[in-house]
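Below is entry07.pdb, which holds PDB, C-alpha atoms.
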MODEL        1
ATOM      1  CA  MET A  98       0.000   0.000   0.000
ATOM      2  CA  ASN A  99       1.106   3.548  -0.709
ATOM      3  CA  VAL A 100       0.584   5.763   2.344
ATOM      4  CA  ARG A 101      -0.087   8.870   0.273
ATOM      5  CA  ALA A 102      -2.176   7.317  -2.502
ATOM      6  CA  PHE A 103      -4.430   5.495  -0.022
ATOM      7  CA  THR A 104      -6.182   8.701   1.075
ATOM      8  CA  ALA A 105      -4.816  11.492  -1.160
ATOM      9  CA  ASP A 106      -7.913  11.879  -3.318
ATOM     10  CA  GLU A 107     -10.809  14.009  -2.106
ATOM     11  CA  SER A 108     -13.034  10.938  -2.473
ATOM     12  CA  SER A 109     -11.457   9.737   0.777
ATOM     13  CA  GLY A 110     -13.719  12.212   2.527
ATOM     14  CA  LEU A 111     -10.913  13.340   4.800
ATOM     15  CA  ASP A 112      -9.910  16.820   5.826
ATOM     16  CA  PRO A 113      -7.359  18.153   3.283
ATOM     17  CA  ALA A 114      -4.847  18.572   6.120
ATOM     18  CA  VAL A 115      -4.570  14.800   6.592
ATOM     19  CA  ARG A 116      -5.206  13.438   3.110
ATOM     20  CA  GLY A 117      -2.286  11.330   1.917
ATOM     21  CA  SER A 118      -0.698  11.258   5.365
ATOM     22  CA  TYR A 119       0.044   8.825   8.171
ATOM     23  CA  LEU A 120      -2.879  10.311  10.118
ATOM     24  CA  GLY A 121      -5.158   9.964   7.119
ATOM     25  CA  PHE A 122      -4.235   6.293   6.962
ATOM     26  CA  ILE A 123      -5.425   5.887  10.566
ATOM     27  CA  ASP A 124      -8.866   7.221   9.666
ATOM     28  CA  LYS A 125      -9.276   4.450   7.091
ATOM     29  CA  ILE A 126      -8.430   1.530   9.393
ATOM     30  CA  PRO A 127     -12.152   0.669   9.788
ATOM     31  CA  HIS A 128     -12.302   0.209   6.005
ATOM     32  CA  LEU A 129      -9.368  -2.216   6.155
ATOM     33  CA  LEU A 130     -11.105  -4.173   8.905
ATOM     34  CA  GLU A 131     -14.275  -4.389   6.824
ATOM     35  CA  LEU A 132     -12.171  -6.009   4.105
ATOM     36  CA  GLY A 133     -10.768  -8.545   6.577
ATOM     37  CA  VAL A 134      -7.208  -7.213   6.368
ATOM     38  CA  ASN A 135      -4.856  -8.458   9.109
ATOM     39  CA  ALA A 136      -1.562  -7.121   7.716
ATOM     40  CA  VAL A 137      -0.473  -4.246   5.498
ATOM     41  CA  GLU A 138       2.716  -4.023   3.466
ATOM     42  CA  LEU A 139       3.654  -0.407   2.932
ATOM     43  CA  LEU A 140       5.532   0.804  -0.109
ATOM     44  CA  PRO A 141       8.768   2.507   0.997
ATOM     45  CA  VAL A 142       8.307   5.027   3.803
ATOM     46  CA  PHE A 143      12.007   5.814   4.280
ATOM     47  CA  GLU A 144      12.837   9.398   3.294
ATOM     48  CA  PHE A 145      13.111   9.439  -0.502
ATOM     49  CA  ASP A 146      13.388  11.949  -3.322
ATOM     50  CA  GLU A 147      10.028  12.415  -5.011
ATOM     51  CA  LEU A 148      11.534  14.889  -7.451
ATOM     52  CA  GLU A 149      14.590  12.885  -8.521
ATOM     53  CA  PHE A 150      13.517  12.977 -12.167
ATOM     54  CA  LYS A 151      13.923  16.753 -12.228
ATOM     55  CA  ARG A 152      17.679  16.282 -12.513
ATOM     56  CA  TYR A 153      17.382  14.191 -15.680
ATOM     57  CA  PRO A 154      16.947  15.680 -19.160
ATOM     58  CA  ASN A 155      13.553  15.847 -20.861
ATOM     59  CA  PRO A 156      11.079  14.199 -21.010
ATOM     60  CA  ARG A 157      11.622  12.907 -17.469
ATOM     61  CA  ASP A 158      11.596  16.294 -15.796
ATOM     62  CA  HIS A 159       7.793  16.223 -15.504
ATOM     63  CA  MET A 160       7.746  12.921 -13.595
ATOM     64  CA  VAL A 161       7.320  12.346  -9.859
ATOM     65  CA  ASN A 162       8.544   9.322  -7.898
ATOM     66  CA  THR A 163       5.431   8.023  -6.146
ATOM     67  CA  TRP A 164       6.520   4.517  -5.179
ATOM     68  CA  GLY A 165       9.499   5.560  -3.071
ATOM     69  CA  TYR A 166      12.290   3.354  -4.414
ATOM     70  CA  SER A 167      14.818   6.173  -4.194
ATOM     71  CA  THR A 168      16.104   6.133  -0.628
ATOM     72  CA  ILE A 169      17.892   9.132   0.851
ATOM     73  CA  ASN A 170      17.919   8.089   4.517
ATOM     74  CA  PHE A 171      17.555   4.567   5.915
ATOM     75  CA  PHE A 172      16.578   5.824   9.379
ATOM     76  CA  ALA A 173      14.057   8.627   8.758
ATOM     77  CA  PRO A 174      10.398   8.331   7.739
ATOM     78  CA  MET A 175       9.111  10.186   4.693
ATOM     79  CA  THR A 176       8.526  13.780   5.791
ATOM     80  CA  ARG A 177       5.951  14.528   3.090
ATOM     81  CA  TYR A 178       3.661  11.868   4.544
ATOM     82  CA  ALA A 179       3.212  13.976   7.674
ATOM     83  CA  SER A 180       0.004  15.972   8.036
ATOM     84  CA  ALA A 181      -0.122  19.490   6.612
ATOM     85  CA  GLY A 182       2.617  21.700   8.018
ATOM     86  CA  GLY A 183       4.440  18.821   9.683
ATOM     87  CA  GLY A 184       8.198  18.372   9.455
ATOM     88  CA  PRO A 185      10.565  15.473  10.221
ATOM     89  CA  LEU A 186       9.591  15.248  13.900
ATOM     90  CA  ALA A 187       5.903  15.242  13.034
ATOM     91  CA  ALA A 188       6.499  12.513  10.442
ATOM     92  CA  SER A 189       8.213  10.323  13.034
ATOM     93  CA  ARG A 190       5.524  10.915  15.638
ATOM     94  CA  GLU A 191       2.628  10.356  13.239
ATOM     95  CA  LEU A 192       4.095   7.175  11.744
ATOM     96  CA  LYS A 193       4.392   5.784  15.267
ATOM     97  CA  GLN A 194       0.755   6.738  15.871
ATOM     98  CA  MET A 195      -0.243   4.965  12.669
ATOM     99  CA  VAL A 196       1.581   1.751  13.561
ATOM    100  CA  LYS A 197       0.132   1.811  17.078
ATOM    101  CA  ALA A 198      -3.392   2.276  15.719
ATOM    102  CA  LEU A 199      -2.958  -0.573  13.229
ATOM    103  CA  HIS A 200      -1.678  -2.872  15.961
ATOM    104  CA  LYS A 201      -4.616  -1.934  18.192
ATOM    105  CA  ALA A 202      -6.883  -3.030  15.336
ATOM    106  CA  GLY A 203      -5.035  -6.350  15.036
ATOM    107  CA  ILE A 204      -3.223  -5.421  11.828
ATOM    108  CA  GLU A 205       0.492  -6.117  11.408
ATOM    109  CA  VAL A 206       2.777  -3.659   9.615
ATOM    110  CA  ILE A 207       5.373  -4.812   7.080
ATOM    111  CA  LEU A 208       7.692  -2.344   5.358
ATOM    112  CA  ASP A 209       8.930  -2.600   1.788
ATOM    113  CA  VAL A 210      12.617  -1.746   2.187
ATOM    114  CA  VAL A 211      15.200  -0.819  -0.442
ATOM    115  CA  TYR A 212      18.778  -1.730   0.483
ATOM    116  CA  ASN A 213      19.864  -2.613  -3.055
ATOM    117  CA  HIS A 214      20.597   0.963  -4.206
ATOM    118  CA  THR A 215      20.239   4.593  -3.167
ATOM    119  CA  ASN A 216      19.181   7.895  -4.689
ATOM    120  CA  GLU A 217      22.700   8.646  -5.958
ATOM    121  CA  ALA A 218      21.917   7.771  -9.577
ATOM    122  CA  ASP A 219      24.529   6.394 -11.999
ATOM    123  CA  ASP A 220      27.773   7.295 -13.754
ATOM    124  CA  ALA A 221      25.943   9.120 -16.533
ATOM    125  CA  ASN A 222      24.027  11.272 -14.039
ATOM    126  CA  PRO A 223      26.348  11.665 -11.027
ATOM    127  CA  TYR A 224      24.521  12.944  -7.985
ATOM    128  CA  VAL A 225      25.764  13.076  -4.404
ATOM    129  CA  THR A 226      23.239  12.809  -1.577
ATOM    130  CA  SER A 227      25.193  10.878   1.057
ATOM    131  CA  PHE A 228      27.328   7.756   0.705
ATOM    132  CA  ARG A 229      29.093   8.623  -2.536
ATOM    133  CA  GLY A 230      30.462  11.683  -0.781
ATOM    134  CA  ILE A 231      31.668   9.618   2.188
ATOM    135  CA  ASP A 232      33.353   6.597   0.594
ATOM    136  CA  ASN A 233      32.173   5.531  -2.838
ATOM    137  CA  LYS A 234      34.315   2.368  -2.872
ATOM    138  CA  VAL A 235      32.979   1.120   0.463
ATOM    139  CA  TYR A 236      29.294   1.832  -0.027
ATOM    140  CA  TYR A 237      28.834   0.847  -3.673
ATOM    141  CA  MET A 238      29.820  -2.097  -5.847
ATOM    142  CA  LEU A 239      32.393  -0.993  -8.402
ATOM    143  CA  ASP A 240      33.594  -2.654 -11.581
ATOM    144  CA  PRO A 241      36.714  -4.683 -10.567
ATOM    145  CA  LYS A 242      38.322  -3.756 -13.898
ATOM    146  CA  ASN A 243      37.509  -0.064 -13.570
ATOM    147  CA  ASN A 244      36.864   1.295 -10.089
ATOM    148  CA  SER A 245      35.543   4.523 -11.543
ATOM    149  CA  GLN A 246      32.473   2.664 -12.837
ATOM    150  CA  LEU A 247      29.509   1.567 -10.728
ATOM    151  CA  LEU A 248      28.054  -1.916 -11.085
ATOM    152  CA  ASN A 249      24.321  -1.849 -11.721
ATOM    153  CA  PHE A 250      22.460  -4.919 -10.457
ATOM    154  CA  SER A 251      19.537  -2.807  -9.270
ATOM    155  CA  GLY A 252      18.546  -1.327 -12.616
ATOM    156  CA  CYS A 253      18.774   2.096 -10.982
ATOM    157  CA  GLY A 254      22.372   2.983 -11.775
ATOM    158  CA  ASN A 255      24.133   1.906  -8.584
ATOM    159  CA  THR A 256      24.256  -1.090  -6.252
ATOM    160  CA  LEU A 257      24.749  -0.910  -2.509
ATOM    161  CA  ASN A 258      27.731  -2.971  -1.316
ATOM    162  CA  CYS A 259      25.631  -4.792   1.285
ATOM    163  CA  ASN A 260      28.151  -7.432   2.348
ATOM    164  CA  HIS A 261      30.949  -5.004   3.122
ATOM    165  CA  PRO A 262      31.250  -4.965   6.962
ATOM    166  CA  VAL A 263      30.541  -1.223   7.199
ATOM    167  CA  VAL A 264      27.499  -1.319   4.932
ATOM    168  CA  MET A 265      26.221  -4.511   6.522
ATOM    169  CA  GLU A 266      26.264  -2.862   9.953
ATOM    170  CA  LEU A 267      24.426   0.128   8.489
ATOM    171  CA  VAL A 268      21.663  -2.110   7.139
ATOM    172  CA  LEU A 269      21.371  -4.084  10.380
ATOM    173  CA  ASP A 270      21.248  -0.905  12.469
ATOM    174  CA  SER A 271      18.565   0.484  10.177
ATOM    175  CA  LEU A 272      16.388  -2.624  10.413
ATOM    176  CA  ARG A 273      16.719  -2.778  14.193
ATOM    177  CA  HIS A 274      15.835   0.922  14.398
ATOM    178  CA  TRP A 275      12.506   0.368  12.647
ATOM    179  CA  VAL A 276      11.659  -2.568  14.883
ATOM    180  CA  LYS A 277      12.680  -0.947  18.163
ATOM    181  CA  GLU A 278      11.487   2.612  17.531
ATOM    182  CA  TYR A 279       8.440   2.011  15.334
ATOM    183  CA  HIS A 280       7.499  -1.570  16.315
ATOM    184  CA  ILE A 281       7.467  -2.788  12.719
ATOM    185  CA  ASP A 282       6.508  -6.467  12.378
ATOM    186  CA  GLY A 283       8.446  -7.413   9.271
ATOM    187  CA  PHE A 284      10.183  -6.404   6.072
ATOM    188  CA  ARG A 285       9.871  -7.111   2.368
ATOM    189  CA  PHE A 286      13.309  -6.718   0.739
ATOM    190  CA  ASP A 287      13.244  -5.209  -2.740
ATOM    191  CA  LEU A 288      15.556  -7.006  -5.215
ATOM    192  CA  ALA A 289      16.863  -9.111  -2.341
ATOM    193  CA  SER A 290      19.318 -11.052  -4.506
ATOM    194  CA  VAL A 291      21.548  -7.959  -4.405
ATOM    195  CA  LEU A 292      21.982  -8.743  -0.700
ATOM    196  CA  CYS A 293      23.545 -12.042  -1.778
ATOM    197  CA  ARG A 294      26.383 -10.524  -3.820
ATOM    198  CA  GLY A 295      29.962  -9.813  -2.783
ATOM    199  CA  PRO A 296      31.783  -6.491  -3.278
ATOM    200  CA  ASP A 297      32.778  -7.472  -6.829
ATOM    201  CA  GLY A 298      29.204  -8.422  -7.666
ATOM    202  CA  SER A 299      29.729 -12.183  -7.620
ATOM    203  CA  PRO A 300      27.017 -14.331  -5.970
ATOM    204  CA  LEU A 301      27.764 -15.624  -2.461
ATOM    205  CA  ASP A 302      26.597 -19.020  -1.211
ATOM    206  CA  ALA A 303      26.501 -17.764   2.385
ATOM    207  CA  PRO A 304      26.102 -13.965   2.301
ATOM    208  CA  PRO A 305      27.099 -12.458   5.675
ATOM    209  CA  LEU A 306      24.216  -9.973   5.754
ATOM    210  CA  ILE A 307      21.554 -12.645   5.294
ATOM    211  CA  ARG A 308      23.237 -14.790   7.941
ATOM    212  CA  GLU A 309      23.307 -11.914  10.429
ATOM    213  CA  ILE A 310      19.637 -11.083   9.851
ATOM    214  CA  ALA A 311      18.688 -14.723  10.406
ATOM    215  CA  LYS A 312      20.491 -14.981  13.738
ATOM    216  CA  ASP A 313      19.911 -11.454  15.072
ATOM    217  CA  SER A 314      18.062 -11.420  18.397
ATOM    218  CA  VAL A 315      15.736  -8.645  17.197
ATOM    219  CA  LEU A 316      15.347  -9.310  13.483
ATOM    220  CA  SER A 317      14.982 -13.080  13.666
ATOM    221  CA  ARG A 318      11.581 -12.548  15.303
ATOM    222  CA  CYS A 319      10.320 -10.472  12.368
ATOM    223  CA  LYS A 320       8.553 -11.631   9.251
ATOM    224  CA  ILE A 321      11.115 -11.558   6.432
ATOM    225  CA  ILE A 322      10.016 -11.534   2.790
ATOM    226  CA  ALA A 323      12.566 -11.551  -0.043
ATOM    227  CA  GLU A 324      12.075 -10.586  -3.666
ATOM    228  CA  PRO A 325      14.498 -13.306  -4.831
ATOM    229  CA  TRP A 326      16.024 -11.818  -7.971
ATOM    230  CA  ASP A 327      17.846  -8.740  -9.221
ATOM    231  CA  CYS A 328      18.534  -6.989 -12.507
ATOM    232  CA  GLY A 329      21.782  -8.896 -12.978
ATOM    233  CA  GLY A 330      20.044 -12.242 -13.415
ATOM    234  CA  LEU A 331      20.622 -13.673  -9.926
ATOM    235  CA  TYR A 332      17.420 -15.712  -9.650
ATOM    236  CA  LEU A 333      17.048 -17.322  -6.224
ATOM    237  CA  VAL A 334      13.428 -18.455  -6.178
ATOM    238  CA  GLY A 335      13.220 -21.581  -4.014
ATOM    239  CA  ARG A 336      16.869 -21.402  -2.994
ATOM    240  CA  PHE A 337      17.286 -18.100  -1.183
ATOM    241  CA  PRO A 338      19.904 -18.398   1.612
ATOM    242  CA  ASN A 339      18.511 -19.055   5.104
ATOM    243  CA  TRP A 340      14.947 -19.248   3.790
ATOM    244  CA  ASP A 341      14.134 -21.966   6.346
ATOM    245  CA  ARG A 342      15.266 -20.056   9.447
TER     246      ARG A 342
ENDMDL
END

Can you give me the file's structure in the form of C-alpha cells?
Amino acid sequence: MNVRAFTADESSGLDPAVRGSYLGFIDKIPHLLELGVNAVELLPVFEFDELEFKRYPNPRDHMVNTWGYSTINFFAPMTRYASAGGGPLAASRELKQMVKALHKAGIEVILDVVYNHTNEADDANPYVTSFRGIDNKVYYMLDPKNNSQLLNFSGCGNTLNCNHPVVMELVLDSLRHWVKEYHIDGFRFDLASVLCRGPDGSPLDAPPLIREIAKDSVLSRCKIIAEPWDCGGLYLVGRFPNWDR
C-alpha cells in the first residue's frame, strides 16, 4: 500500500490537512477491517526523493517518484507523509501513531525496504546525496576492472555494497531501528538477490548480511520476505539463503 495514494484523493472524505498522510491512513483503518485485512505491506516510507527525475533531461523532468524506491535516509520516515505543516519530527511521531493504531486493530505492519541501491543515480548522471560523498568504494559495488564505474544490479544505476562490513552494519542498524522505535513487524526486501552478492558483484553461497539477519536477536523474530532476484540475473526463487530459518 502507498501511504499517500491510499487517502490522497478528495473521495477519501478526509480533511485536506490529513489526506495522503500517516494520520489519514489511521482514519481508514475501519475500512481495512471491513475487508478482513490483518496485515499491510507499505511501499517505501524511508525518506526518498520524489523529485529525482527533475535532474534528468527531458522528457523525465515532468515525472514524480510516487513509489518511493529512491532512498535518501535509511533511518528517517518520509517527511511529506506527515500531516499538513508537519516536518521530520511530526512525520516520526505520526508514523508511530499509525503503527500503534494498526496494531490496536489487530493489523500487522510490514515495510517494503530498499537496500539494493540509493538515490545517488549512476555514472551518466552523477549525484551526491550521502554515501558517494563519504566513501564511494565502500558503499557501492564498483567494476573490478575499472573502479571509476559503478556496477548496476539494481537497474537504478548503482548497487549498494551490502556485504561489506561497514554497509552490513548500516543495514542491520537500520532494520533494528525500525523494529525498536516504530514496532514494525516485518520487512519485504526489494531485489533481495543484491543482498547475496559480494563487493565485486559475484554471488555468495553464504552472504554475511543474510546470515546476520537470520540470527539477530531482534530481526529473527520479524517476518522476512525476499524478492528473490535482481537486474543482474541472480534468480534465487526456491533457494534463497537461510529461507528456512

What are the closest atom pairs, with distances in Å to one decimal, for each residue of stretch 226-290 of chain A lying within 6 Å of stretch 204-207 of chain A, using all atoms listed in the file, rows by chain and rising residue number, as CSV?
residue,atom,partner,partner_atom,distance
A:Ile281,CA,A:Val206,CA,5.7
A:Asp282,CA,A:Val206,CA,5.4
A:Gly283,CA,A:Ile207,CA,4.6
A:Phe284,CA,A:Ile207,CA,5.2

Would you output that residue set with C-alpha atoms, as a short mmCIF file (atom, residue, chain, number, x, y, z; two decimals), keeping the file's coordinate frame?
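part37.cif, written as the output of this step:
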data_model
loop_
_atom_site.label_atom_id
_atom_site.label_comp_id
_atom_site.auth_asym_id
_atom_site.auth_seq_id
_atom_site.Cartn_x
_atom_site.Cartn_y
_atom_site.Cartn_z
CA ILE A 281 7.47 -2.79 12.72
CA ASP A 282 6.51 -6.47 12.38
CA GLY A 283 8.45 -7.41 9.27
CA PHE A 284 10.18 -6.40 6.07
#

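The nearest approach to A:Leu140 among the residues A:His261, A:Arg336, A:Lys277, A:Arg285, with all atoms listed in the file taken into account, belongs to A:Arg285.
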
Discussion item. For the provided coordinates, the residues matched by the PyMOL selection byres ((chain A and resi 129-131) around 12) should be stated as a list in words.
Written reply: Met98, Phe103, Phe122, Ile123, Asp124, Lys125, Ile126, Pro127, His128, Leu132, Gly133, Val134, Asn135, Ala136, Val137, Leu199, His200, Lys201, Ala202, Gly203, Ile204 and Glu205 of chain A

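Between atom CA of A:Asn233 and atom CA of A:Leu148 lies a distance of 23.1 Å.
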
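When the distance limit is 6 Å and all atoms listed in the file are what count, the residues near stretch 326-331 of chain A, minus those fewer than 2 positions from it on the same chain, are Phe250, Ser251, Gly252, Leu288, Ser290, Glu324 and Leu333 of chain A.
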
Matched chain/residue IDs from the PyMOL selection byres ((chain A and resi 210) around 6), as a PDB file with C-alpha atoms, in the frame of the given file:
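So part.pdb came out as:
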ATOM      1  CA  PRO A 141       8.768   2.507   0.997  1.00  0.00           C
ATOM      2  CA  LEU A 208       7.692  -2.344   5.358  1.00  0.00           C
ATOM      3  CA  ASP A 209       8.930  -2.600   1.788  1.00  0.00           C
ATOM      4  CA  VAL A 211      15.200  -0.819  -0.442  1.00  0.00           C
ATOM      5  CA  PHE A 286      13.309  -6.718   0.739  1.00  0.00           C
TER       6      PHE A 286
END

Would you give me, as a Markdown table, each residue of stretch 169-253 of chain A having an atom within 7 Å of an atom of stretch 104-121 of chain A, along with its shortest atom pair and that distance in Å to one decimal, using only C-alpha atoms and sorting by chain and residue number?
| residue | atom | partner | partner_atom | distance |
| --- | --- | --- | --- | --- |
| A:Tyr178 | CA | A:Ser118 | CA | 4.5 |
| A:Ala179 | CA | A:Ser118 | CA | 5.3 |
| A:Ser180 | CA | A:Val115 | CA | 4.9 |
| A:Ala181 | CA | A:Ala114 | CA | 4.8 |
| A:Glu191 | CA | A:Tyr119 | CA | 5.9 |
| A:Leu192 | CA | A:Tyr119 | CA | 5.6 |
| A:Met195 | CA | A:Tyr119 | CA | 5.9 |

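The smallest atom-to-atom distance between A:Arg177 and any of A:Arg229, A:Lys320, A:Lys193, A:Arg101, using only C-alpha atoms, is found for A:Arg101.
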
Item to complete: Skip stretch 168-172 of chain A itself and residues of its chain fewer than 5 positions away, then list as a PyMOL selection string all residues within 10 Å of it, counting only C-alpha atoms.
Response: chain A and resi 141-147+210-217+226-228+267-268+270-275

Box for stretch 169-179 of chain A: with edges along x, y and z, all listed atoms inside and 4 Å added on each side, what are the centre and edge lengths in Å to one decimal, as AutoDock Vina command-line options?
--center_x 10.6 --center_y 9.5 --center_z 5.1 --size_x 22.7 --size_y 18.0 --size_z 16.5

Worksheet item: Of the candidates A:Val291, A:Ala323, A:Ala188, A:Met160, which shows the shortest atom-to-atom distance to A:Leu257, using all atoms listed in the file?
Response: A:Val291

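If you measure from each of A:Tyr236, A:Tyr166, A:Tyr332, A:Tyr279 to A:Asn260 using only C-alpha atoms, the closest one turns out to be A:Tyr236.
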
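For the file at hand, the PyMOL selection byres ((chain A and resi 223) around 12) resolves to Arg152, Tyr153, Asn216, Glu217, Ala218, Asp219, Asp220, Ala221, Asn222, Tyr224, Val225, Thr226, Arg229, Gly230, Asn233, Ser245, Gln246, Leu247, Gly254 and Asn255 of chain A.
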
Discussion item. Taking only C-alpha atoms into account, name the residue in A:Lys312, A:Gly298, A:Asn99, A:Glu138 that is nearest to A:Lys242.
Written reply: A:Gly298

Output requested as a compact mmCIF listing (two decimals), in the coordinates of the input - stretch 189-206 of chain A, filled out with N, CA and C atoms.
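Resulting contents of rebuild_29.txt:
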# COMPACT_ATOMS: atom_id res chain seq x y z
N SER A 189 7.84 11.42 12.14
CA SER A 189 8.21 10.32 13.03
C SER A 189 7.10 10.04 14.03
N ARG A 190 6.58 11.08 14.63
CA ARG A 190 5.52 10.92 15.64
C ARG A 190 4.25 10.32 15.02
N GLU A 191 3.87 10.80 13.85
CA GLU A 191 2.63 10.36 13.24
C GLU A 191 2.73 8.94 12.67
N LEU A 192 3.92 8.56 12.19
CA LEU A 192 4.10 7.18 11.74
C LEU A 192 3.96 6.23 12.93
N LYS A 193 4.53 6.61 14.06
CA LYS A 193 4.39 5.78 15.27
C LYS A 193 2.92 5.67 15.67
N GLN A 194 2.18 6.77 15.57
CA GLN A 194 0.76 6.74 15.87
C GLN A 194 0.03 5.79 14.93
N MET A 195 0.41 5.82 13.66
CA MET A 195 -0.24 4.96 12.67
C MET A 195 0.00 3.49 12.97
N VAL A 196 1.25 3.15 13.25
CA VAL A 196 1.58 1.75 13.56
C VAL A 196 0.85 1.30 14.82
N LYS A 197 0.82 2.15 15.83
CA LYS A 197 0.13 1.81 17.08
C LYS A 197 -1.36 1.58 16.84
N ALA A 198 -1.97 2.42 16.02
CA ALA A 198 -3.39 2.28 15.72
C ALA A 198 -3.67 0.99 14.93
N LEU A 199 -2.80 0.67 13.99
CA LEU A 199 -2.96 -0.57 13.23
C LEU A 199 -2.82 -1.79 14.14
N HIS A 200 -1.85 -1.76 15.03
CA HIS A 200 -1.68 -2.87 15.96
C HIS A 200 -2.89 -3.02 16.87
N LYS A 201 -3.43 -1.90 17.33
CA LYS A 201 -4.62 -1.93 18.19
C LYS A 201 -5.79 -2.59 17.47
N ALA A 202 -5.82 -2.43 16.15
CA ALA A 202 -6.88 -3.03 15.34
C ALA A 202 -6.57 -4.47 14.93
N GLY A 203 -5.42 -4.98 15.37
CA GLY A 203 -5.04 -6.35 15.04
C GLY A 203 -4.41 -6.49 13.67
N ILE A 204 -3.83 -5.41 13.16
CA ILE A 204 -3.22 -5.42 11.83
C ILE A 204 -1.71 -5.26 11.95
N GLU A 205 -0.97 -6.20 11.39
CA GLU A 205 0.49 -6.12 11.41
C GLU A 205 0.99 -5.15 10.33
N VAL A 206 2.20 -4.63 10.54
CA VAL A 206 2.78 -3.66 9.62
C VAL A 206 4.10 -4.19 9.07
